[in-house]
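Chemist: Next up, entry.cif (mmCIF, C-alpha atoms).
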data_protein
loop_
_atom_site.group_PDB
_atom_site.id
_atom_site.type_symbol
_atom_site.label_atom_id
_atom_site.label_comp_id
_atom_site.auth_asym_id
_atom_site.auth_seq_id
_atom_site.Cartn_x
_atom_site.Cartn_y
_atom_site.Cartn_z
ATOM 1 C CA MET O 1 -5.076 -17.735 223.866
ATOM 2 C CA SER O 2 -7.518 -20.493 222.994
ATOM 3 C CA ASP O 3 -6.724 -23.712 221.209
ATOM 4 C CA ARG O 4 -8.323 -22.641 217.945
ATOM 5 C CA THR O 5 -8.797 -25.190 215.239
ATOM 6 C CA PHE O 6 -8.477 -24.183 211.619
ATOM 7 C CA SER O 7 -9.544 -26.209 208.626
ATOM 8 C CA ASP O 8 -6.767 -27.625 206.496
ATOM 9 C CA ALA O 9 -8.711 -26.439 203.444
ATOM 10 C CA VAL O 10 -7.769 -23.025 202.115
ATOM 11 C CA ALA O 11 -10.623 -20.587 201.468
ATOM 12 C CA ASP O 12 -11.481 -19.363 198.011
ATOM 13 C CA PRO O 13 -9.365 -16.437 196.836
ATOM 14 C CA TYR O 14 -10.941 -13.015 197.236
ATOM 15 C CA ASP O 15 -10.155 -9.800 195.401
ATOM 16 C CA ALA O 16 -8.101 -7.320 197.397
ATOM 17 C CA PRO O 17 -9.047 -3.639 197.404
ATOM 18 C CA PRO O 18 -9.458 -1.261 195.765
ATOM 19 C CA LEU O 19 -12.697 -2.473 194.243
ATOM 20 C CA SER O 20 -16.158 -1.105 193.615
ATOM 21 C CA PHE O 21 -19.639 -2.563 193.220
ATOM 22 C CA THR O 22 -23.295 -1.562 193.164
ATOM 23 C CA ASP O 23 -25.146 -2.554 196.339
ATOM 24 C CA ARG O 24 -28.771 -3.742 196.566
ATOM 25 C CA GLU O 25 -29.915 -0.121 197.010
ATOM 26 C CA ASP O 26 -28.239 0.843 193.701
ATOM 27 C CA ARG O 27 -25.449 2.798 195.420
ATOM 28 C CA THR O 28 -21.915 2.661 194.069
ATOM 29 C CA ILE O 29 -19.725 1.457 196.921
ATOM 30 C CA GLU O 30 -15.932 1.603 196.788
ATOM 31 C CA VAL O 31 -13.814 -0.533 199.114
ATOM 32 C CA ARG O 32 -10.301 0.753 199.788
ATOM 33 C CA ALA O 33 -7.535 -0.037 202.229
ATOM 34 C CA TYR O 34 -7.233 2.516 205.030
ATOM 35 C CA ASP O 35 -4.632 5.097 203.985
ATOM 36 C CA GLY O 36 -3.725 6.506 207.406
ATOM 37 C CA SER O 37 -4.922 10.020 206.598
ATOM 38 C CA ASP O 38 -6.587 12.354 209.090
ATOM 39 C CA GLU O 39 -9.540 12.612 206.698
ATOM 40 C CA GLU O 40 -10.183 8.870 206.766
ATOM 41 C CA MET O 41 -9.762 8.756 210.559
ATOM 42 C CA GLU O 42 -12.324 11.553 210.980
ATOM 43 C CA ALA O 43 -14.743 9.844 208.587
ATOM 44 C CA LEU O 44 -14.488 6.641 210.650
ATOM 45 C CA VAL O 45 -15.041 8.560 213.898
ATOM 46 C CA GLU O 46 -18.138 10.130 212.342
ATOM 47 C CA MET O 47 -19.538 6.727 211.280
ATOM 48 C CA TYR O 48 -18.921 5.144 214.678
ATOM 49 C CA ASP O 49 -20.289 8.159 216.553
ATOM 50 C CA ALA O 50 -23.566 7.738 214.610
ATOM 51 C CA PHE O 51 -23.579 3.944 215.057
ATOM 52 C CA ASP O 52 -26.844 2.529 216.442
ATOM 53 C CA PRO O 53 -26.210 1.366 220.049
ATOM 54 C CA SER O 54 -28.382 -1.712 219.424
ATOM 55 C CA ASP O 55 -25.890 -2.826 216.736
ATOM 56 C CA ARG O 56 -22.955 -2.815 219.138
ATOM 57 C CA ALA O 57 -21.702 -6.289 220.037
ATOM 58 C CA GLN O 58 -19.234 -7.442 222.658
ATOM 59 C CA GLY O 59 -18.699 -3.824 223.742
ATOM 60 C CA ILE O 60 -17.595 -2.528 220.354
ATOM 61 C CA PRO O 61 -17.631 -0.103 218.815
ATOM 62 C CA PRO O 62 -17.411 2.113 221.904
ATOM 63 C CA GLY O 63 -20.189 4.628 222.447
ATOM 64 C CA ARG O 64 -18.414 7.919 223.195
ATOM 65 C CA GLU O 65 -16.236 9.909 220.819
ATOM 66 C CA ASP O 66 -13.157 9.888 223.073
ATOM 67 C CA ARG O 67 -13.414 6.110 223.467
ATOM 68 C CA ILE O 68 -14.049 5.683 219.739
ATOM 69 C CA ARG O 69 -10.848 7.604 219.000
ATOM 70 C CA ASP O 70 -8.805 5.519 221.467
ATOM 71 C CA TRP O 71 -10.212 2.276 220.055
ATOM 72 C CA LEU O 72 -9.569 3.359 216.460
ATOM 73 C CA GLU O 73 -5.982 4.329 217.278
ATOM 74 C CA ASN O 74 -5.435 0.737 218.419
ATOM 75 C CA ILE O 75 -7.048 -1.019 215.449
ATOM 76 C CA LEU O 76 -5.683 1.387 212.844
ATOM 77 C CA ASP O 77 -2.156 0.565 214.002
ATOM 78 C CA GLU O 78 0.312 -0.342 211.250
ATOM 79 C CA ASP O 79 0.274 -4.003 212.369
ATOM 80 C CA CYS O 80 -3.461 -4.211 211.643
ATOM 81 C CA LEU O 81 -5.130 -4.421 208.234
ATOM 82 C CA ASN O 82 -8.155 -2.188 207.629
ATOM 83 C CA VAL O 83 -10.566 -1.672 204.751
ATOM 84 C CA ILE O 84 -13.316 0.903 204.441
ATOM 85 C CA ALA O 85 -16.482 0.798 202.325
ATOM 86 C CA TRP O 86 -17.270 4.258 200.923
ATOM 87 C CA ASP O 87 -20.475 5.692 199.499
ATOM 88 C CA GLY O 88 -19.005 8.819 197.957
ATOM 89 C CA GLY O 89 -17.406 10.646 200.901
ATOM 90 C CA GLU O 90 -19.399 8.776 203.563
ATOM 91 C CA VAL O 91 -18.191 5.644 205.355
ATOM 92 C CA ALA O 92 -20.682 2.808 204.923
ATOM 93 C CA GLY O 93 -18.618 0.194 206.748
ATOM 94 C CA HIS O 94 -15.235 -0.762 208.143
ATOM 95 C CA ALA O 95 -13.488 -4.094 208.701
ATOM 96 C CA THR O 96 -10.217 -4.883 210.436
ATOM 97 C CA LEU O 97 -7.777 -7.734 210.966
ATOM 98 C CA VAL O 98 -5.907 -7.439 214.270
ATOM 99 C CA PRO O 99 -2.847 -9.650 214.917
ATOM 100 C CA ASP O 100 -3.316 -12.234 217.670
ATOM 101 C CA GLY O 101 -0.441 -14.672 217.984
ATOM 102 C CA ASP O 102 -0.190 -16.753 214.805
ATOM 103 C CA ALA O 103 -3.589 -15.612 213.491
ATOM 104 C CA TYR O 104 -5.631 -12.424 213.038
ATOM 105 C CA GLU O 105 -8.930 -11.515 214.653
ATOM 106 C CA LEU O 106 -11.581 -10.084 212.322
ATOM 107 C CA ALA O 107 -14.107 -7.414 213.237
ATOM 108 C CA ILE O 108 -16.595 -5.800 210.852
ATOM 109 C CA PHE O 109 -19.069 -2.962 211.235
ATOM 110 C CA VAL O 110 -21.619 -1.765 208.696
ATOM 111 C CA HIS O 111 -23.519 1.430 209.510
ATOM 112 C CA GLN O 112 -27.233 0.753 210.037
ATOM 113 C CA THR O 113 -28.290 2.782 206.966
ATOM 114 C CA TYR O 114 -26.199 0.426 204.791
ATOM 115 C CA GLN O 115 -27.103 -2.932 206.310
ATOM 116 C CA ARG O 116 -28.840 -5.676 204.322
ATOM 117 C CA ALA O 117 -27.511 -4.261 201.035
ATOM 118 C CA GLY O 118 -24.679 -6.764 200.408
ATOM 119 C CA ILE O 119 -21.959 -4.450 201.698
ATOM 120 C CA GLY O 120 -20.902 -6.662 204.624
ATOM 121 C CA THR O 121 -20.217 -9.641 202.368
ATOM 122 C CA ARG O 122 -18.140 -7.578 199.935
ATOM 123 C CA LEU O 123 -16.313 -5.821 202.786
ATOM 124 C CA ILE O 124 -15.288 -9.109 204.444
ATOM 125 C CA LYS O 125 -14.209 -10.640 201.144
ATOM 126 C CA ALA O 126 -12.113 -7.539 200.341
ATOM 127 C CA LEU O 127 -10.525 -7.662 203.812
ATOM 128 C CA LEU O 128 -9.711 -11.368 203.430
ATOM 129 C CA GLY O 129 -8.254 -10.690 199.968
ATOM 130 C CA TYR O 130 -6.158 -7.892 201.456
ATOM 131 C CA GLY O 131 -5.110 -10.215 204.262
ATOM 132 C CA ARG O 132 -4.050 -12.958 201.875
ATOM 133 C CA VAL O 133 -1.892 -10.638 199.724
ATOM 134 C CA SER O 134 -0.415 -9.252 202.964
ATOM 135 C CA GLY O 135 0.673 -12.713 204.130
ATOM 136 C CA VAL O 136 -2.121 -13.526 206.598
ATOM 137 C CA GLU O 137 -2.584 -17.297 206.906
ATOM 138 C CA LYS O 138 -5.352 -17.698 209.514
ATOM 139 C CA VAL O 139 -8.286 -15.542 210.665
ATOM 140 C CA TRP O 140 -10.735 -15.996 213.521
ATOM 141 C CA LEU O 141 -13.685 -14.130 214.976
ATOM 142 C CA THR O 142 -16.330 -14.425 217.635
ATOM 143 C CA VAL O 143 -20.003 -13.725 217.115
ATOM 144 C CA GLU O 144 -22.949 -13.864 219.467
ATOM 145 C CA ARG O 145 -24.753 -17.093 218.584
ATOM 146 C CA TRP O 146 -28.157 -15.367 218.398
ATOM 147 C CA ASN O 147 -26.868 -13.041 215.650
ATOM 148 C CA ARG O 148 -28.084 -15.289 212.826
ATOM 149 C CA ALA O 149 -27.515 -12.689 210.094
ATOM 150 C CA ALA O 150 -23.832 -12.356 211.021
ATOM 151 C CA VAL O 151 -23.332 -16.116 211.452
ATOM 152 C CA GLY O 152 -24.897 -16.694 208.021
ATOM 153 C CA LEU O 153 -22.686 -14.024 206.477
ATOM 154 C CA TYR O 154 -19.523 -15.553 207.937
ATOM 155 C CA GLN O 155 -20.526 -19.048 206.792
ATOM 156 C CA THR O 156 -21.271 -17.754 203.278
ATOM 157 C CA VAL O 157 -17.780 -16.274 203.099
ATOM 158 C CA GLY O 158 -16.198 -19.562 204.231
ATOM 159 C CA PHE O 159 -15.798 -19.373 208.012
ATOM 160 C CA GLU O 160 -16.381 -22.566 209.981
ATOM 161 C CA THR O 161 -17.444 -22.861 213.615
ATOM 162 C CA SER O 162 -14.479 -23.969 215.723
ATOM 163 C CA ASP O 163 -15.939 -23.487 219.224
ATOM 164 C CA ALA O 164 -19.609 -23.325 220.198
ATOM 165 C CA GLU O 165 -19.401 -23.889 223.937
ATOM 166 C CA SER O 166 -20.461 -20.433 225.148
ATOM 167 C CA PHE O 167 -22.984 -17.762 224.187
ATOM 168 C CA GLU O 168 -20.512 -16.795 221.474
ATOM 169 C CA LEU O 169 -19.438 -18.836 218.500
ATOM 170 C CA GLU O 170 -15.788 -18.832 217.517
ATOM 171 C CA MET O 171 -15.336 -19.154 213.773
ATOM 172 C CA THR O 172 -12.159 -19.601 211.734
ATOM 173 C CA ILE O 173 -10.927 -19.540 208.154
ATOM 174 C CA ARG O 174 -7.586 -20.406 206.537
ATOM 175 C CA LEU O 175 -6.364 -18.022 203.825
ATOM 176 C CA ALA O 176 -3.121 -19.794 202.932
ATOM 177 C CA GLU O 177 -1.418 -23.169 203.183
ATOM 178 C CA PRO O 178 0.591 -23.631 206.350
ATOM 179 C CA PRO O 179 4.342 -23.458 205.821
ATOM 180 C CA ASP O 180 5.878 -26.815 204.862
ATOM 181 C CA GLU O 181 7.243 -28.684 207.817
ATOM 182 C CA GLU O 182 10.085 -31.000 206.956
ATOM 183 C CA GLY O 183 10.807 -34.243 208.728
ATOM 184 C CA GLY O 184 7.194 -34.912 209.741
#
Translate the structure described by the file into structure tokens.

Modeler:
Amino acid sequence: MSDRTFSDAVADPYDAPPLSFTDREDRTIEVRAYDGSDEEMEALVEMYDAFDPSDRAQGIPPGREDRIRDWLENILDEDCLNVIAWDGGEVAGHATLVPDGDAYELAIFVHQTYQRAGIGTRLIKALLGYGRVSGVEKVWLTVERWNRAAVGLYQTVGFETSDAESFELEMTIRLAEPPDEEGG
């Protein structure tokens, strides 16, 4: 576990799912919390199986269906928070918050046919809104420093760089005030 630093400032509030919007390609996108159904699991497997290998980062998502299923079983666990962006019955993107000590790690994936349409920004904001109403106080992520589009997206949403000493940037955001500590 690293010594992550989090801003004392609390991020802007974000709307929690369900919500819908029109993306830059004029598609109606609906963002919903993962419901645990077999249908949603299979739709996620299908999206990740068709995911462009050049868009994989830090080894995820995995590249084979059996590994995709194993990975999804871990991040779709009841302790994790997951939201899915839908274009009708097709998954356009998926974002997750995975518990890690006193914070949650964020990961987001937008299928290549839906990138650069504003879906990633809305998906992250919906996930952070869902996290806040679910009691999540702090969120962190890592991103490859050369991935300028992702770094810009995270900064736009409110993440701040907390560690820049490797080829990856660690970024953090605070969703809620820390609990009051008496006697300090």

Chemist: What residues come out when you apply the PyMOL selection byres ((chain O and resi 97-112) around 7) to this file, written as a PyMOL selection string?

Modeler: chain O and resi 47+51-52+75+79-82+92-96+113-115+120+137-141

Chemist: For a quick check of understanding, using all atoms listed in the file, which of O:Ala85, O:Gly129, O:Arg67, O:Asp55 has the smallest distance to Ala150 of chain O?

Modeler: O:Asp55

Chemist: What does the distance from atom CA of Leu169 of chain O to atom CA of Gln155 of chain O come to in Å, to one decimal?

Modeler: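 Going from atom CA of Leu169 of chain O over to atom CA of Gln155 of chain O, I get 11.8 Å.
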
Chemist: Counting all atoms listed in the file, figure out which residue out of O:Tyr14, O:Phe167, O:Trp86, O:Tyr48 gets nearest to Ile29 of chain O.

Modeler: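 For Ile29 of chain O, the nearest of the given residues is O:Trp86.
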
Chemist: So how far away is atom CA of Ala126 of chain O from atom CA of Asp15 of chain O, in Å?

Modeler: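 Distance between the two atoms: 5.8 Å.
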
Chemist: Given all atoms listed in the file as the basis, pick out the residue of O:Trp71, O:Leu19, O:Ser54, O:Leu76 nearest to Glu40 of chain O.

Modeler: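 Once distances to Glu40 of chain O are computed over all atoms listed in the file, the minimum belongs to O:Leu76.
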